[in-house]
Amino acid sequence: MTETLFIDLPFIRDRRAVVRNFDGVCDDLLSGGRGFDGFRDKKAPAFENPDVPDTRTLRTRTLWYNYRALMDVDSRCYGTYYGPGTGYGAPALIAGREIMALSEEGVTMMVQIPRHFNPQKPVLVAVPSSGSRGIYGGIGVVGEWALKRGFAAVYTDKGTGVGYHLLDDDTVILMDGRLASGEHAGEPLPFDALSGLKGAERRKSLSEHNRSYPHRIAVRHAHSGINLQENWGRYVLESIAFGRTVLEKDFPGIGKSLKVIAAGISNGGLSSIMAKEQDSEGLIHAVAVSEPNVTPFHTHRISIVQGNAPKVPAHSMSLADYATLFNIYLPCAALAKDFEKAPFRLDAFGLTRAMCENRCLSLRDKGLLRGENTDELSRHALSLLRSIGVNRESEILLPSHYTLDVARSIAVTYVSQYAGARVFDHLAGFSFAATDPMGRPRALTRPEAASLFSDQSGIPPFTLIKLINDHNPDGPLEDRQSVSPSTGRMDMNLDGALALRRLVTGVDEQGNPVTGTAMDLHLRITRSMDAIKVTGNLKGCPAVMVTGRCDAVLPINHTSRPYLGANALAEGGESRLRYYEVTEAHHVDALNMLYKNPDTCDSPMDFAPLHVVYLKALDLMVDHLENRTALPPSQVIRPVPPYHTCPEIVSWPEPENRIDCRDGVVFIPE
């Protein structure tokens with residue numbers, strides 16, 4: 001049962017929000033009524049009617065997928081440090097209200113107010129989603145913690161969200177995940193790839209495209225036509241205004257005592273940092289983020305030193321810059337002997353040694369690698385990655401991130417976003433579609449389409465939607481299976497990877513400037529990458545930042561470490577930022593069990609739970625706000641096996657663990 005709530009904010013579409021109430025018995029805010037065992041259950045909640053799922057099951061299934069995508073529910077930390085009913089005296093099923101609205105720009109916002117919210121000590125936690133996830137993307141990593149503590153949480157999907165447009169039949173996804181006709185939806189749409197086209201003009205445009213490119217799918221993060229990332233800070237600030245307005249309706253005058261914590265991981269962490277840097281009204285009282293995707297403005301005044309090693313050779317590169325390099329060289333580097341024990345290096349998820357060897361040979365033929373054999377070529381590829389500041393601790397996971405499609409998905413999606421591309425552009429010859437067993441584009445079935453909102457992360461390629469090489473000589477084909485026209489090899493479309501790289505750098509493989517449309521796109525991409533860079537100025541706000549040293553998705557020498565330096569330069573002695581680096585942790589805890597499974601990994605590996613350290617940091621920030629307890633100094637945290645125990649953030653670290661920053665030099669203990 002839903003209600004309508006009037007919201008008097010100019011950026012809320014139609015000034016209306018949808019309200020749902022959850023009793024904490026049959027349904028709840030956190031788990032859709034399934035509780036602790038529901039998230040641990042390896043089988044997703046099933047739809048009674050897969051063609052037209054009911055909204056309640058659709059929401060429950062979405063919560064299940066988003067929680068398990070990021071949280072390690074197989075760890076003994078689940079049920080000890082996190083999980084429904086764990087800690088803070090919270091009930092297993094959290095009753096309360098959920099208020100959801102759509103902004104004029106198609107950004108979904110949602111407030112959750114638990115029944116045990118305390119208006120006498122009110123806290124609102126802003127939770128922008130990580131990656132390109134939808135509105136429930138932050139439910140496990142921050143939302144659960146906030147709700148269990150009795151805080152209200154306000155979420156935003158940052159304008160990326162789970163936005164897909166199926167061009168075959170003009171099918172789109174509504175704010176709550178239901179499917180609708182793009183032309184006849186009858187209500188506001190989060191994403192419409194044909195926005196502005198109506199009637200005969202819309203149908204003609206679709207028909208012409210579908211004749212040449214049947215079964216294609218527009219993806220919101222890649223095909224919105226704008227640099228969404230530039231707006232993420234503003235979207236968080238708008239979500240906070242939305243949350244405050246909703247709370248004022250229930251608790252008049254609460255805004256005077258309300259404390260706001262901006263939180264989130266990865267892209268969500270970046271969004272919260274951007275929000276505070278742009279916070280001219282002092283809405284945010286604290287920042288607490290984990291592994292943020294920050295890119296500080298590059299300056300030679302910042303340098304990074306780890307232990308007794310020389311200064312890091314490169315830092316503060318933009319995501320699109322290093323991601324396009326990973327996309328080119330990682331398949332070849334994965335063959336290096338250094339990676340013989342790396343998980344998911346080869347022969348997993350459709351990746352084979354032959355494909356990687358072909359990539360090495362094609363790179364050699366283009367003069368981009370040197371070597372007489374695969375061993376020499378792969379070593380050269382690895383040395384190139386090391387030369388851009390990739391830290392050795394994270395290297396072991398790099399091959400798996402190519403195998404699991406992290407490198408390709410980031411390279412294609414973010415370059416498309418920065419270019420302001422739309423689906424009809426087919427930037428660098430790429431598109432998205434479901435594929436048949438031969439790798440050819442096919443139409444989604446109705447149940448597959450109906451499950452997109454709940455089951456997918458928002459950024460393909462993934463299990464259902466694949467990346468298509470439209471320039472494959474024998475017709476469009478799944479990118480990894482395709483042939484590069486210039487090499488004639490099945491080298492996983494090196495031509496496409498190089499095309500993306502040229503758009504980022506503005507030069508070709510011989511160092512010559514690109515021309516024409518490519519130069520126009522390069523200039524636009526450069527402006528977009530500059531627009532998302534951060535200054536390091538948190539305006540004296542207390543802040544904590546947690547990052548895993550083994551992060552191979554967002555290398556720490558390009559994100560957290562230089563941000564610490566940028567903050568020191570921007571705020572000097574006024575800085576209240578604390579940085580906690582965890583040595584045996586990486587980007588996604590949910591992969592921990594996968595990595596150490598001897599049945600699927602060459603050699604079992606074990607990683608510490610980064611999320612548990614982040615929870616500690618969140619608790620420390622609350623204690624600081626409520627009791628003025630000093631935040632512990634920046635430090636290296638060294639987990640001790642077994643890694644299901646909680647690594648501690650100590651009040652005063654030993655000198656060998658103390659992180660320091662002087663005159664722009666970030667000193668990190670070995």
# chains A, B, ... in the order shown; residues from 1 in each chain; ligands from 1
>>> closest_atom_pairs(of="stretch 63-167 of chain A", to="stretch 406-426 of chain A", cutoff="10 Å", atoms="only C-alpha atoms", output="tab-separated table")
residue	atom	partner	partner_atom	distance
A:Gly131	CA	A:Ile410	CA	9.6
A:Ser132	CA	A:Thr413	CA	9.9
A:His165	CA	A:Val423	CA	9.6
A:Leu167	CA	A:Val423	CA	9.6
>>> write_last_selection(atoms="N, CA and C atoms", output="PDB file, in the first residue's frame")
ATOM      1  N   GLY A 131      29.319   2.451  -7.442  1.00  0.00           N
ATOM      2  CA  GLY A 131      29.300   2.065  -8.845  1.00  0.00           C
ATOM      3  C   GLY A 131      28.219   2.786  -9.614  1.00  0.00           C
ATOM      4  N   SER A 132      27.469   2.025 -10.409  1.00  0.00           N
ATOM      5  CA  SER A 132      26.323   2.565 -11.134  1.00  0.00           C
ATOM      6  C   SER A 132      25.032   1.969 -10.589  1.00  0.00           C
ATOM      7  N   HIS A 165      17.170   0.943 -21.471  1.00  0.00           N
ATOM      8  CA  HIS A 165      16.111   1.203 -22.446  1.00  0.00           C
ATOM      9  C   HIS A 165      16.262   0.164 -23.546  1.00  0.00           C
ATOM     10  N   LEU A 167      15.611  -1.081 -26.950  1.00  0.00           N
ATOM     11  CA  LEU A 167      15.226  -0.353 -28.151  1.00  0.00           C
ATOM     12  C   LEU A 167      14.368  -1.183 -29.101  1.00  0.00           C
TER      13      LEU A 167
END
>>> residues_around(residues="A:Pro296", least_positions_apart="6", cutoff="12 Å", atoms="only C-alpha atoms", output="ChimeraX atom specification")
/A:270,273-274,277,302,315-319,529-537,556-567,569-570
>>> residues_around(residues="A:Leu147", least_positions_apart="4", cutoff="9 Å", atoms="only C-alpha atoms", output="mmCIF file with N, CA and C atoms, in the first residue's frame")
data_model
loop_
_atom_site.group_PDB
_atom_site.id
_atom_site.type_symbol
_atom_site.label_atom_id
_atom_site.label_comp_id
_atom_site.auth_asym_id
_atom_site.auth_seq_id
_atom_site.Cartn_x
_atom_site.Cartn_y
_atom_site.Cartn_z
ATOM 1 N N LEU A 29 12.430 -2.407 6.227
ATOM 2 C CA LEU A 29 13.212 -1.467 5.439
ATOM 3 C C LEU A 29 14.468 -2.095 4.853
ATOM 4 N N LEU A 30 15.094 -2.992 5.583
ATOM 5 C CA LEU A 30 16.420 -3.478 5.222
ATOM 6 C C LEU A 30 16.412 -4.695 4.310
ATOM 7 N N ALA A 90 19.305 -3.410 17.636
ATOM 8 C CA ALA A 90 18.254 -3.231 16.628
ATOM 9 C C ALA A 90 17.501 -4.534 16.397
ATOM 10 N N ILE A 94 13.430 -4.282 10.543
ATOM 11 C CA ILE A 94 13.352 -2.875 10.935
ATOM 12 C C ILE A 94 12.102 -2.237 10.338
ATOM 13 N N GLN A 112 14.693 6.609 4.222
ATOM 14 C CA GLN A 112 14.201 5.560 5.106
ATOM 15 C C GLN A 112 14.262 6.075 6.545
ATOM 16 N N ILE A 113 13.142 6.016 7.239
ATOM 17 C CA ILE A 113 13.062 6.469 8.624
ATOM 18 C C ILE A 113 12.632 5.288 9.483
ATOM 19 N N PRO A 114 13.555 4.724 10.252
ATOM 20 C CA PRO A 114 13.182 3.577 11.090
ATOM 21 C C PRO A 114 12.235 4.012 12.205
ATOM 22 N N HIS A 116 12.368 3.333 15.223
ATOM 23 C CA HIS A 116 13.077 3.696 16.444
ATOM 24 C C HIS A 116 14.004 4.905 16.246
ATOM 25 N N PHE A 117 13.733 5.711 15.214
ATOM 26 C CA PHE A 117 14.448 6.971 15.015
ATOM 27 C C PHE A 117 14.276 7.858 16.245
ATOM 28 N N VAL A 142 26.151 0.965 3.992
ATOM 29 C CA VAL A 142 25.936 2.057 4.939
ATOM 30 C C VAL A 142 24.512 2.064 5.490
ATOM 31 N N GLY A 143 23.530 1.778 4.632
ATOM 32 C CA GLY A 143 22.137 1.855 5.057
ATOM 33 C C GLY A 143 21.838 0.981 6.257
ATOM 34 N N PHE A 151 19.193 5.848 12.940
ATOM 35 C CA PHE A 151 19.359 7.049 12.133
ATOM 36 C C PHE A 151 18.454 6.960 10.900
ATOM 37 N N ALA A 152 18.062 8.092 10.385
ATOM 38 C CA ALA A 152 17.407 8.131 9.082
ATOM 39 C C ALA A 152 18.485 8.066 8.010
ATOM 40 N N ALA A 153 18.152 7.490 6.872
ATOM 41 C CA ALA A 153 19.096 7.399 5.750
ATOM 42 C C ALA A 153 18.432 7.972 4.510
#
>>> residues_around(residues="A:Gly33", least_positions_apart="6", cutoff="10 Å", atoms="only C-alpha atoms", output="VMD selection string")
chain A and resid 22 to 27 60 92 to 95
>>> write_last_selection(atoms="C-alpha atoms", output="PDB file, in the first residue's frame")
ATOM      1  CA  PHE A  22       6.809  -1.442   6.659  1.00  0.00           C
ATOM      2  CA  ASP A  23       5.572  -3.162   9.809  1.00  0.00           C
ATOM      3  CA  GLY A  24       8.765  -5.001  10.780  1.00  0.00           C
ATOM      4  CA  VAL A  25       6.843  -8.290  10.881  1.00  0.00           C
ATOM      5  CA  CYS A  26       6.006  -9.298   7.311  1.00  0.00           C
ATOM      6  CA  ASP A  27       8.203  -6.721   5.624  1.00  0.00           C
ATOM      7  CA  THR A  60      12.856  -7.723  -1.881  1.00  0.00           C
ATOM      8  CA  ALA A  92      16.072  -8.245  13.050  1.00  0.00           C
ATOM      9  CA  LEU A  93      13.331  -6.676  10.920  1.00  0.00           C
ATOM     10  CA  ILE A  94      13.352  -2.875  10.935  1.00  0.00           C
ATOM     11  CA  ALA A  95       9.941  -1.224  10.780  1.00  0.00           C
TER      12      ALA A  95
END
>>> select_by_dssp(residues="stretch 311-369 of chain A", states="alpha helix (DSSP H)", output="tab-separated table (two decimals) with C-alpha atoms, in the first residue's frame")
chain	number	residue	atom	x	y	z
A	319	LEU	CA	39.87	6.76	-13.88
A	320	ALA	CA	39.39	6.77	-17.66
A	321	ASP	CA	43.14	7.19	-18.11
A	322	TYR	CA	44.29	4.15	-16.16
A	323	ALA	CA	41.19	2.08	-16.99
A	324	THR	CA	41.83	2.35	-20.73
A	325	LEU	CA	45.43	1.28	-20.14
A	326	PHE	CA	44.28	-1.71	-18.06
A	327	ASN	CA	41.83	-2.58	-20.82
A	328	ILE	CA	44.63	-2.71	-23.38
A	329	TYR	CA	47.50	-4.35	-21.49
A	330	LEU	CA	46.00	-6.49	-18.72
A	331	PRO	CA	45.13	-9.50	-20.92
A	332	CYS	CA	48.78	-9.77	-21.96
A	333	ALA	CA	50.23	-8.90	-18.55
A	353	ARG	CA	45.12	-18.32	-22.79
A	354	ALA	CA	44.81	-18.20	-26.59
A	355	MET	CA	42.87	-14.92	-26.39
A	356	CYS	CA	45.52	-13.38	-24.15
A	357	GLU	CA	48.37	-14.62	-26.34
A	358	ASN	CA	46.64	-13.09	-29.36
A	359	ARG	CA	46.40	-9.77	-27.52
A	360	CYS	CA	50.17	-9.93	-26.83
A	361	LEU	CA	50.96	-10.64	-30.48
A	362	SER	CA	48.69	-7.88	-31.77
A	363	LEU	CA	50.25	-5.36	-29.39
A	364	ARG	CA	53.70	-6.41	-30.60
A	365	ASP	CA	52.69	-6.06	-34.24
>>> residues_around(residues="A:Gly429", least_positions_apart="3", cutoff="7 Å", atoms="only C-alpha atoms", output="list in words")
His426, Asn469, Asp470, His471 and Gly496 of chain A
>>> closest_residue(among="A:Gly458, A:Gly243, A:Gly199, A:Pro10", to="A:Arg133", atoms="only C-alpha atoms")
A:Gly458
>>> residues_around(residues="stretch 67-77 of chain A", least_positions_apart="3", cutoff="10 Å", atoms="only C-alpha atoms", output="short mmCIF file (atom, residue, chain, number, x, y, z; two decimals) with N, CA and C atoms, in the first residue's frame")
data_model
loop_
_atom_site.label_atom_id
_atom_site.label_comp_id
_atom_site.auth_asym_id
_atom_site.auth_seq_id
_atom_site.Cartn_x
_atom_site.Cartn_y
_atom_site.Cartn_z
N LEU A 30 15.09 -2.99 5.58
CA LEU A 30 16.42 -3.48 5.22
C LEU A 30 16.41 -4.70 4.31
N SER A 31 15.58 -5.67 4.59
CA SER A 31 15.71 -6.96 3.90
C SER A 31 14.45 -7.43 3.19
N PHE A 36 18.04 -12.02 8.58
CA PHE A 36 19.41 -12.52 8.57
C PHE A 36 19.58 -13.70 7.61
N ASP A 37 18.74 -14.70 7.73
CA ASP A 37 18.87 -15.90 6.89
C ASP A 37 18.54 -15.60 5.44
N PHE A 39 19.38 -12.96 3.59
CA PHE A 39 20.55 -12.50 2.85
C PHE A 39 21.58 -13.61 2.68
N ARG A 40 21.64 -14.52 3.62
CA ARG A 40 22.60 -15.62 3.51
C ARG A 40 22.11 -16.69 2.52
N ASP A 41 20.82 -16.77 2.31
CA ASP A 41 20.25 -17.73 1.36
C ASP A 41 20.84 -17.48 -0.03
N LYS A 42 21.39 -18.51 -0.65
CA LYS A 42 22.03 -18.36 -1.94
C LYS A 42 21.04 -18.31 -3.11
N ARG A 61 13.79 -8.69 -3.88
CA ARG A 61 14.85 -9.28 -4.71
C ARG A 61 15.96 -8.26 -4.99
N THR A 62 15.58 -6.99 -5.18
CA THR A 62 16.56 -5.93 -5.40
C THR A 62 17.44 -5.76 -4.16
N LEU A 63 16.84 -5.76 -2.98
CA LEU A 63 17.60 -5.67 -1.74
C LEU A 63 18.57 -6.84 -1.61
N TRP A 64 18.10 -8.04 -1.93
CA TRP A 64 18.92 -9.25 -1.83
C TRP A 64 20.15 -9.15 -2.73
N THR A 80 28.30 -11.24 13.18
CA THR A 80 29.11 -10.77 14.31
C THR A 80 29.24 -9.25 14.28
N TYR A 81 29.66 -8.71 13.13
CA TYR A 81 29.85 -7.27 13.01
C TYR A 81 28.79 -6.61 12.12
N TYR A 82 28.16 -7.38 11.28
CA TYR A 82 27.10 -6.82 10.42
C TYR A 82 26.11 -7.92 10.07
N GLY A 83 24.99 -7.53 9.48
CA GLY A 83 23.90 -8.44 9.20
C GLY A 83 22.67 -8.03 9.98
N SER A 130 27.03 3.09 -4.69
CA SER A 130 28.35 2.81 -5.25
C SER A 130 28.20 2.42 -6.72
N TYR A 136 18.88 1.23 -4.18
CA TYR A 136 19.20 0.37 -3.04
C TYR A 136 20.68 -0.04 -3.02
N GLY A 137 21.51 0.61 -3.83
CA GLY A 137 22.91 0.22 -3.94
C GLY A 137 23.73 0.44 -2.69
N GLY A 138 23.26 1.31 -1.78
CA GLY A 138 24.00 1.56 -0.55
C GLY A 138 23.39 0.91 0.67
N ILE A 139 22.41 0.03 0.47
CA ILE A 139 21.66 -0.51 1.60
C ILE A 139 22.54 -1.35 2.52
N GLY A 140 23.46 -2.16 1.98
CA GLY A 140 24.28 -3.02 2.81
C GLY A 140 25.47 -2.30 3.42
N VAL A 141 26.15 -1.49 2.61
CA VAL A 141 27.42 -0.92 3.05
C VAL A 141 27.27 0.22 4.05
N GLU A 144 22.33 -0.25 6.26
CA GLU A 144 22.09 -1.15 7.37
C GLU A 144 22.62 -0.55 8.68
N ASP A 455 18.23 -7.45 -10.59
CA ASP A 455 19.35 -8.37 -10.68
C ASP A 455 20.67 -7.76 -11.13
N GLN A 456 20.63 -6.57 -11.73
CA GLN A 456 21.84 -6.05 -12.37
C GLN A 456 22.41 -4.85 -11.63
N SER A 457 23.70 -4.60 -11.86
CA SER A 457 24.43 -3.57 -11.11
C SER A 457 24.37 -2.20 -11.76
N HIS A 587 38.88 -4.09 -2.76
CA HIS A 587 37.74 -3.22 -3.07
C HIS A 587 36.38 -3.83 -2.75
N VAL A 588 36.21 -5.12 -2.95
CA VAL A 588 34.88 -5.72 -2.83
C VAL A 588 34.95 -6.93 -1.90
N ASP A 589 34.46 -6.79 -0.67
CA ASP A 589 34.48 -7.89 0.29
C ASP A 589 33.73 -9.12 -0.21
N ALA A 590 32.70 -8.91 -1.04
CA ALA A 590 31.89 -10.03 -1.51
C ALA A 590 32.71 -11.04 -2.30
N LEU A 591 33.86 -10.61 -2.84
CA LEU A 591 34.72 -11.53 -3.60
C LEU A 591 35.66 -12.33 -2.72
N ASN A 592 35.70 -12.05 -1.43
CA ASN A 592 36.69 -12.71 -0.56
C ASN A 592 36.57 -14.22 -0.57
N MET A 593 35.34 -14.72 -0.44
CA MET A 593 35.16 -16.18 -0.44
C MET A 593 35.48 -16.77 -1.81
N LEU A 594 35.19 -16.02 -2.85
CA LEU A 594 35.48 -16.48 -4.21
C LEU A 594 36.99 -16.61 -4.41
N PRO A 609 38.39 -8.21 6.02
CA PRO A 609 37.13 -7.53 5.70
C PRO A 609 37.26 -6.01 5.82
N HIS A 611 35.08 -3.85 5.08
CA HIS A 611 33.83 -3.29 5.56
C HIS A 611 33.79 -3.18 7.08
N VAL A 612 34.39 -4.14 7.77
CA VAL A 612 34.38 -4.10 9.22
C VAL A 612 35.17 -2.88 9.73
N TYR A 643 41.26 -13.73 9.40
CA TYR A 643 40.77 -12.43 9.00
C TYR A 643 39.29 -12.19 9.28
N HIS A 644 38.62 -13.15 9.92
CA HIS A 644 37.24 -12.87 10.32
C HIS A 644 37.21 -12.05 11.61
N THR A 645 38.35 -11.89 12.25
CA THR A 645 38.40 -11.03 13.43
C THR A 645 38.47 -9.58 12.97
N CYS A 646 38.09 -8.68 13.83
CA CYS A 646 37.97 -7.28 13.43
C CYS A 646 39.29 -6.54 13.57
#
>>> residues_around(residues="A:Ile12", least_positions_apart="2", cutoff="12 Å", atoms="only C-alpha atoms", output="number ranges by chain")
A: 5-10, 14-18, 100-110, 188, 235, 238-239, 241-243, 245
>>> atom_distance(atom1="atom CA of A:Gly506", atom2="atom CA of A:Arg524")
10.7 Å
>>> closest_residue(among="A:Leu498, A:Met438, A:Ile304, A:Ala44", to="A:Asp663", atoms="only C-alpha atoms")
A:Ile304
>>> closest_residue(among="A:Arg216, A:Ser387, A:Pro128, A:Thr403", to="A:Thr352", atoms="only C-alpha atoms")
A:Thr403
>>> closest_residue(among="A:His300, A:Arg489, A:Lys198, A:His586", to="A:Val312", atoms="only C-alpha atoms")
A:His300
>>> closest_residue(among="A:Asn231, A:Ser181, A:Tyr88, A:Asn118", to="A:Asp157", atoms="only C-alpha atoms")
A:Asn231
>>> decode(residues="stretch 197-224 of chain A", atoms="N, CA and C atoms", output="PDB file, in the first residue's frame")
ATOM      1  N   LEU A 197      11.949  12.896 -28.196  1.00  0.00           N
ATOM      2  CA  LEU A 197      11.325  12.366 -29.409  1.00  0.00           C
ATOM      3  C   LEU A 197       9.971  11.761 -29.069  1.00  0.00           C
ATOM      4  N   LYS A 198       8.963  12.126 -29.830  1.00  0.00           N
ATOM      5  CA  LYS A 198       7.619  11.617 -29.567  1.00  0.00           C
ATOM      6  C   LYS A 198       6.933  11.242 -30.871  1.00  0.00           C
ATOM      7  N   GLY A 199       5.893  10.432 -30.740  1.00  0.00           N
ATOM      8  CA  GLY A 199       5.047  10.099 -31.867  1.00  0.00           C
ATOM      9  C   GLY A 199       5.788   9.495 -33.038  1.00  0.00           C
ATOM     10  N   ALA A 200       5.445   9.971 -34.245  1.00  0.00           N
ATOM     11  CA  ALA A 200       6.010   9.410 -35.469  1.00  0.00           C
ATOM     12  C   ALA A 200       7.519   9.598 -35.536  1.00  0.00           C
ATOM     13  N   GLU A 201       8.003  10.732 -35.033  1.00  0.00           N
ATOM     14  CA  GLU A 201       9.446  10.980 -35.055  1.00  0.00           C
ATOM     15  C   GLU A 201      10.188   9.957 -34.203  1.00  0.00           C
ATOM     16  N   ARG A 202       9.629   9.623 -33.050  1.00  0.00           N
ATOM     17  CA  ARG A 202      10.247   8.634 -32.163  1.00  0.00           C
ATOM     18  C   ARG A 202      10.260   7.260 -32.814  1.00  0.00           C
ATOM     19  N   ARG A 203       9.130   6.869 -33.363  1.00  0.00           N
ATOM     20  CA  ARG A 203       9.027   5.545 -33.971  1.00  0.00           C
ATOM     21  C   ARG A 203       9.937   5.417 -35.189  1.00  0.00           C
ATOM     22  N   LYS A 204      10.062   6.489 -35.983  1.00  0.00           N
ATOM     23  CA  LYS A 204      10.934   6.459 -37.156  1.00  0.00           C
ATOM     24  C   LYS A 204      12.390   6.322 -36.741  1.00  0.00           C
ATOM     25  N   SER A 205      12.791   7.084 -35.748  1.00  0.00           N
ATOM     26  CA  SER A 205      14.176   7.021 -35.280  1.00  0.00           C
ATOM     27  C   SER A 205      14.520   5.625 -34.773  1.00  0.00           C
ATOM     28  N   LEU A 206      13.614   5.038 -34.001  1.00  0.00           N
ATOM     29  CA  LEU A 206      13.836   3.685 -33.499  1.00  0.00           C
ATOM     30  C   LEU A 206      13.905   2.674 -34.636  1.00  0.00           C
ATOM     31  N   SER A 207      12.992   2.788 -35.557  1.00  0.00           N
ATOM     32  CA  SER A 207      12.924   1.825 -36.654  1.00  0.00           C
ATOM     33  C   SER A 207      14.197   1.848 -37.488  1.00  0.00           C
ATOM     34  N   GLU A 208      14.703   3.047 -37.784  1.00  0.00           N
ATOM     35  CA  GLU A 208      15.914   3.154 -38.590  1.00  0.00           C
ATOM     36  C   GLU A 208      17.114   2.556 -37.852  1.00  0.00           C
ATOM     37  N   HIS A 209      17.202   2.839 -36.547  1.00  0.00           N
ATOM     38  CA  HIS A 209      18.323   2.287 -35.785  1.00  0.00           C
ATOM     39  C   HIS A 209      18.224   0.771 -35.660  1.00  0.00           C
ATOM     40  N   ASN A 210      17.025   0.275 -35.377  1.00  0.00           N
ATOM     41  CA  ASN A 210      16.855  -1.157 -35.130  1.00  0.00           C
ATOM     42  C   ASN A 210      17.075  -1.995 -36.384  1.00  0.00           C
ATOM     43  N   ARG A 211      16.869  -1.412 -37.557  1.00  0.00           N
ATOM     44  CA  ARG A 211      17.151  -2.154 -38.790  1.00  0.00           C
ATOM     45  C   ARG A 211      18.650  -2.437 -38.916  1.00  0.00           C
ATOM     46  N   SER A 212      19.469  -1.469 -38.530  1.00  0.00           N
ATOM     47  CA  SER A 212      20.920  -1.637 -38.633  1.00  0.00           C
ATOM     48  C   SER A 212      21.520  -2.308 -37.405  1.00  0.00           C
ATOM     49  N   TYR A 213      20.923  -2.032 -36.242  1.00  0.00           N
ATOM     50  CA  TYR A 213      21.457  -2.551 -34.982  1.00  0.00           C
ATOM     51  C   TYR A 213      20.331  -3.152 -34.138  1.00  0.00           C
ATOM     52  N   PRO A 214      19.824  -4.313 -34.518  1.00  0.00           N
ATOM     53  CA  PRO A 214      18.711  -4.900 -33.754  1.00  0.00           C
ATOM     54  C   PRO A 214      19.149  -5.352 -32.360  1.00  0.00           C
ATOM     55  N   HIS A 215      18.182  -5.338 -31.452  1.00  0.00           N
ATOM     56  CA  HIS A 215      18.300  -5.906 -30.097  1.00  0.00           C
ATOM     57  C   HIS A 215      19.228  -5.107 -29.180  1.00  0.00           C
ATOM     58  N   ARG A 216      19.556  -3.866 -29.526  1.00  0.00           N
ATOM     59  CA  ARG A 216      20.467  -3.099 -28.686  1.00  0.00           C
ATOM     60  C   ARG A 216      19.753  -2.520 -27.464  1.00  0.00           C
ATOM     61  N   ILE A 217      20.554  -2.237 -26.449  1.00  0.00           N
ATOM     62  CA  ILE A 217      20.037  -1.732 -25.176  1.00  0.00           C
ATOM     63  C   ILE A 217      20.814  -0.479 -24.797  1.00  0.00           C
ATOM     64  N   ALA A 218      20.102   0.598 -24.529  1.00  0.00           N
ATOM     65  CA  ALA A 218      20.734   1.820 -24.043  1.00  0.00           C
ATOM     66  C   ALA A 218      20.968   1.686 -22.544  1.00  0.00           C
ATOM     67  N   VAL A 219      22.115   2.175 -22.099  1.00  0.00           N
ATOM     68  CA  VAL A 219      22.518   2.077 -20.703  1.00  0.00           C
ATOM     69  C   VAL A 219      22.688   3.489 -20.147  1.00  0.00           C
ATOM     70  N   ARG A 220      22.028   3.752 -19.057  1.00  0.00           N
ATOM     71  CA  ARG A 220      21.944   5.105 -18.535  1.00  0.00           C
ATOM     72  C   ARG A 220      23.309   5.753 -18.280  1.00  0.00           C
ATOM     73  N   HIS A 221      24.221   5.030 -17.626  1.00  0.00           N
ATOM     74  CA  HIS A 221      25.515   5.619 -17.294  1.00  0.00           C
ATOM     75  C   HIS A 221      26.312   5.953 -18.546  1.00  0.00           C
ATOM     76  N   ALA A 222      26.154   5.165 -19.593  1.00  0.00           N
ATOM     77  CA  ALA A 222      26.928   5.369 -20.817  1.00  0.00           C
ATOM     78  C   ALA A 222      26.230   6.256 -21.830  1.00  0.00           C
ATOM     79  N   HIS A 223      24.910   6.340 -21.792  1.00  0.00           N
ATOM     80  CA  HIS A 223      24.161   6.942 -22.901  1.00  0.00           C
ATOM     81  C   HIS A 223      23.230   8.081 -22.484  1.00  0.00           C
ATOM     82  N   SER A 224      23.528   8.737 -21.374  1.00  0.00           N
ATOM     83  CA  SER A 224      22.666   9.844 -20.949  1.00  0.00           C
ATOM     84  C   SER A 224      22.920  11.121 -21.734  1.00  0.00           C
TER      85      SER A 224
END
